[in-house]
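**Student:** Dumping the structure here so I can ask a few things about it.
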Amino acid sequence: MLMMLREFLVAGVRMAASVEGETIPANIFGKLKTLLQMIAAGIAFFILACLEKNGEVTIIAKGFNPPQFLEIYCTVAFWITGIITFISGLKYLKDGWHLIKTK
């Protein structure tokens, strides 16, 4: 939910900026957020692919009981990505606040 809200916020701020003839460039937090999302999802899918045997994921065949390391990894990756997403959203809000405040 947080990630979707951030995306709508950024899109809205950028649209408001374009109407005023301004641009709000991507910042380091936005780039880091994208990188972390891709890495987190990629590694999780890679781990799931490694657990696959004979075209069937073993954890799904035996009931969804993922290995402890996968659960820990996904939880930590989710929280780190969520925090960076939140910081990135705040940065865009700060950069575009003058556009929102005047409407």
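Ordering of the structure tokens sets the chain letters (A, B, ...), residue numbers begin anew at 1 in every chain, and ligands are numbered from 1 in the order given.
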Could you list, as a PyMOL selection string, every residue within 8 Å of Leu99 of chain A, counting only C-alpha atoms and ignoring same-chain residues fewer than 5 positions away?

**Tutor:** chain A and resi 13+16-17

**Student:** Would you please work out which residue, of A:Leu5, A:Gly96, A:Thr81, A:Gly42, is nearest to Thr23 of chain A when using only C-alpha atoms?

**Tutor:**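 Closest candidate: A:Gly96.
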
**Student:** Near Arg6 of chain A, within 9 Å and counting only C-alpha atoms, which residues show up once chain neighbours fewer than 4 positions away are dropped, as a PyMOL selection string?

**Tutor:** chain A and resi 1-2+10-11+85-86+88-90+92

**Student:** If you keep all heavy atoms, can you produce a file of those selected residues as a PDB file, in the first residue's frame?

**Tutor:**
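As a result, again_33.pdb now contains:
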ATOM      1  N   MET A   1       0.823  -1.182   0.000  1.00  0.00           N
ATOM      2  CA  MET A   1       0.000   0.000   0.000  1.00  0.00           C
ATOM      3  C   MET A   1       0.876   1.258   0.000  1.00  0.00           C
ATOM      4  O   MET A   1       0.608   2.196  -0.727  1.00  0.00           O
ATOM      5  CB  MET A   1      -0.915  -0.038   1.229  1.00  0.00           C
ATOM      6  CG  MET A   1      -1.877   1.076   1.277  1.00  0.00           C
ATOM      7  SD  MET A   1      -3.098   0.841   0.004  1.00  0.00           S
ATOM      8  CE  MET A   1      -4.431   1.681   0.674  1.00  0.00           C
ATOM      9  N   LEU A   2       1.911   1.247   0.848  1.00  0.00           N
ATOM     10  CA  LEU A   2       2.826   2.381   0.930  1.00  0.00           C
ATOM     11  C   LEU A   2       3.480   2.650  -0.423  1.00  0.00           C
ATOM     12  O   LEU A   2       3.595   3.791  -0.859  1.00  0.00           O
ATOM     13  CB  LEU A   2       3.898   2.110   1.997  1.00  0.00           C
ATOM     14  CG  LEU A   2       5.036   3.119   2.086  1.00  0.00           C
ATOM     15  CD1 LEU A   2       4.511   4.440   2.611  1.00  0.00           C
ATOM     16  CD2 LEU A   2       6.141   2.593   2.966  1.00  0.00           C
ATOM     17  N   VAL A  10       4.169  10.697  -6.399  1.00  0.00           N
ATOM     18  CA  VAL A  10       5.209  11.147  -7.329  1.00  0.00           C
ATOM     19  C   VAL A  10       4.590  11.527  -8.670  1.00  0.00           C
ATOM     20  O   VAL A  10       4.918  12.571  -9.243  1.00  0.00           O
ATOM     21  CB  VAL A  10       6.303  10.065  -7.498  1.00  0.00           C
ATOM     22  CG1 VAL A  10       7.248  10.409  -8.640  1.00  0.00           C
ATOM     23  CG2 VAL A  10       7.073   9.891  -6.203  1.00  0.00           C
ATOM     24  N   ALA A  11       3.676  10.698  -9.170  1.00  0.00           N
ATOM     25  CA  ALA A  11       3.027  10.999 -10.453  1.00  0.00           C
ATOM     26  C   ALA A  11       2.248  12.316 -10.363  1.00  0.00           C
ATOM     27  O   ALA A  11       2.315  13.153 -11.277  1.00  0.00           O
ATOM     28  CB  ALA A  11       2.104   9.859 -10.854  1.00  0.00           C
ATOM     29  N   THR A  85      11.327   3.632   0.418  1.00  0.00           N
ATOM     30  CA  THR A  85      10.163   4.122  -0.330  1.00  0.00           C
ATOM     31  C   THR A  85       9.529   5.301   0.395  1.00  0.00           C
ATOM     32  O   THR A  85       9.184   6.314  -0.224  1.00  0.00           O
ATOM     33  CB  THR A  85       9.133   2.989  -0.508  1.00  0.00           C
ATOM     34  OG1 THR A  85       9.734   1.942  -1.263  1.00  0.00           O
ATOM     35  CG2 THR A  85       7.874   3.470  -1.201  1.00  0.00           C
ATOM     36  N   PHE A  86       9.381   5.193   1.705  1.00  0.00           N
ATOM     37  CA  PHE A  86       8.797   6.268   2.511  1.00  0.00           C
ATOM     38  C   PHE A  86       9.660   7.529   2.439  1.00  0.00           C
ATOM     39  O   PHE A  86       9.146   8.637   2.226  1.00  0.00           O
ATOM     40  CB  PHE A  86       8.636   5.798   3.960  1.00  0.00           C
ATOM     41  CG  PHE A  86       8.002   6.815   4.855  1.00  0.00           C
ATOM     42  CD1 PHE A  86       6.645   7.073   4.771  1.00  0.00           C
ATOM     43  CD2 PHE A  86       8.756   7.512   5.778  1.00  0.00           C
ATOM     44  CE1 PHE A  86       6.047   8.021   5.592  1.00  0.00           C
ATOM     45  CE2 PHE A  86       8.171   8.458   6.602  1.00  0.00           C
ATOM     46  CZ  PHE A  86       6.816   8.714   6.511  1.00  0.00           C
ATOM     47  N   SER A  88      11.788   8.352   0.124  1.00  0.00           N
ATOM     48  CA  SER A  88      11.707   8.864  -1.242  1.00  0.00           C
ATOM     49  C   SER A  88      10.425   9.667  -1.452  1.00  0.00           C
ATOM     50  O   SER A  88      10.441  10.740  -2.052  1.00  0.00           O
ATOM     51  CB  SER A  88      11.767   7.696  -2.229  1.00  0.00           C
ATOM     52  OG  SER A  88      11.519   8.128  -3.537  1.00  0.00           O
ATOM     53  N   GLY A  89       9.312   9.142  -0.945  1.00  0.00           N
ATOM     54  CA  GLY A  89       8.040   9.859  -1.051  1.00  0.00           C
ATOM     55  C   GLY A  89       8.081  11.198  -0.331  1.00  0.00           C
ATOM     56  O   GLY A  89       7.579  12.205  -0.845  1.00  0.00           O
ATOM     57  N   LEU A  90       8.680  11.221   0.855  1.00  0.00           N
ATOM     58  CA  LEU A  90       8.815  12.479   1.599  1.00  0.00           C
ATOM     59  C   LEU A  90       9.658  13.490   0.828  1.00  0.00           C
ATOM     60  O   LEU A  90       9.350  14.688   0.809  1.00  0.00           O
ATOM     61  CB  LEU A  90       9.433  12.227   2.971  1.00  0.00           C
ATOM     62  CG  LEU A  90       8.553  11.549   4.014  1.00  0.00           C
ATOM     63  CD1 LEU A  90       9.331  11.357   5.316  1.00  0.00           C
ATOM     64  CD2 LEU A  90       7.281  12.332   4.269  1.00  0.00           C
ATOM     65  N   TYR A  92      10.051  13.696  -2.484  1.00  0.00           N
ATOM     66  CA  TYR A  92       9.247  14.228  -3.584  1.00  0.00           C
ATOM     67  C   TYR A  92       8.194  15.200  -3.068  1.00  0.00           C
ATOM     68  O   TYR A  92       7.917  16.220  -3.701  1.00  0.00           O
ATOM     69  CB  TYR A  92       8.577  13.106  -4.374  1.00  0.00           C
ATOM     70  CG  TYR A  92       9.477  12.500  -5.405  1.00  0.00           C
ATOM     71  CD1 TYR A  92      10.067  11.266  -5.200  1.00  0.00           C
ATOM     72  CD2 TYR A  92       9.739  13.161  -6.603  1.00  0.00           C
ATOM     73  CE1 TYR A  92      10.900  10.700  -6.146  1.00  0.00           C
ATOM     74  CE2 TYR A  92      10.573  12.608  -7.557  1.00  0.00           C
ATOM     75  CZ  TYR A  92      11.149  11.372  -7.328  1.00  0.00           C
ATOM     76  OH  TYR A  92      11.968  10.827  -8.260  1.00  0.00           O
TER      77      TYR A  92
END

**Student:** Which of these residues is nearest to Ala40 of chain A, using only C-alpha atoms: A:Pro25, A:Gly12, A:Pro67, A:Gly82?

**Tutor:**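 The shortest atom-to-atom distance to Ala40 of chain A comes from A:Gly82.
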
**Student:** When DSSP works through the backbone of this structure, what residues of segment 10-94 of chain A end up as strand (DSSP E), shown as a list in words?

**Tutor:**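 Residues meeting the strand (DSSP E) criterion: Glu52, Lys53, Glu56 and Val57 of chain A.
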
**Student:** If I take atom CA of Phe29 of chain A and atom CA of Leu9 of chain A, how far is one from the other in Å, to one decimal?

**Tutor:**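 Between atom CA of Phe29 of chain A and atom CA of Leu9 of chain A the gap is 14.5 Å.
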
**Student:** With distances taken over only C-alpha atoms, which of A:Leu70, A:Val19, A:Ile87, A:Ala77 is nearest to Gln37 of chain A?

**Tutor:**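 Residue with the minimum atom-to-atom distance to Gln37 of chain A: A:Ala77.
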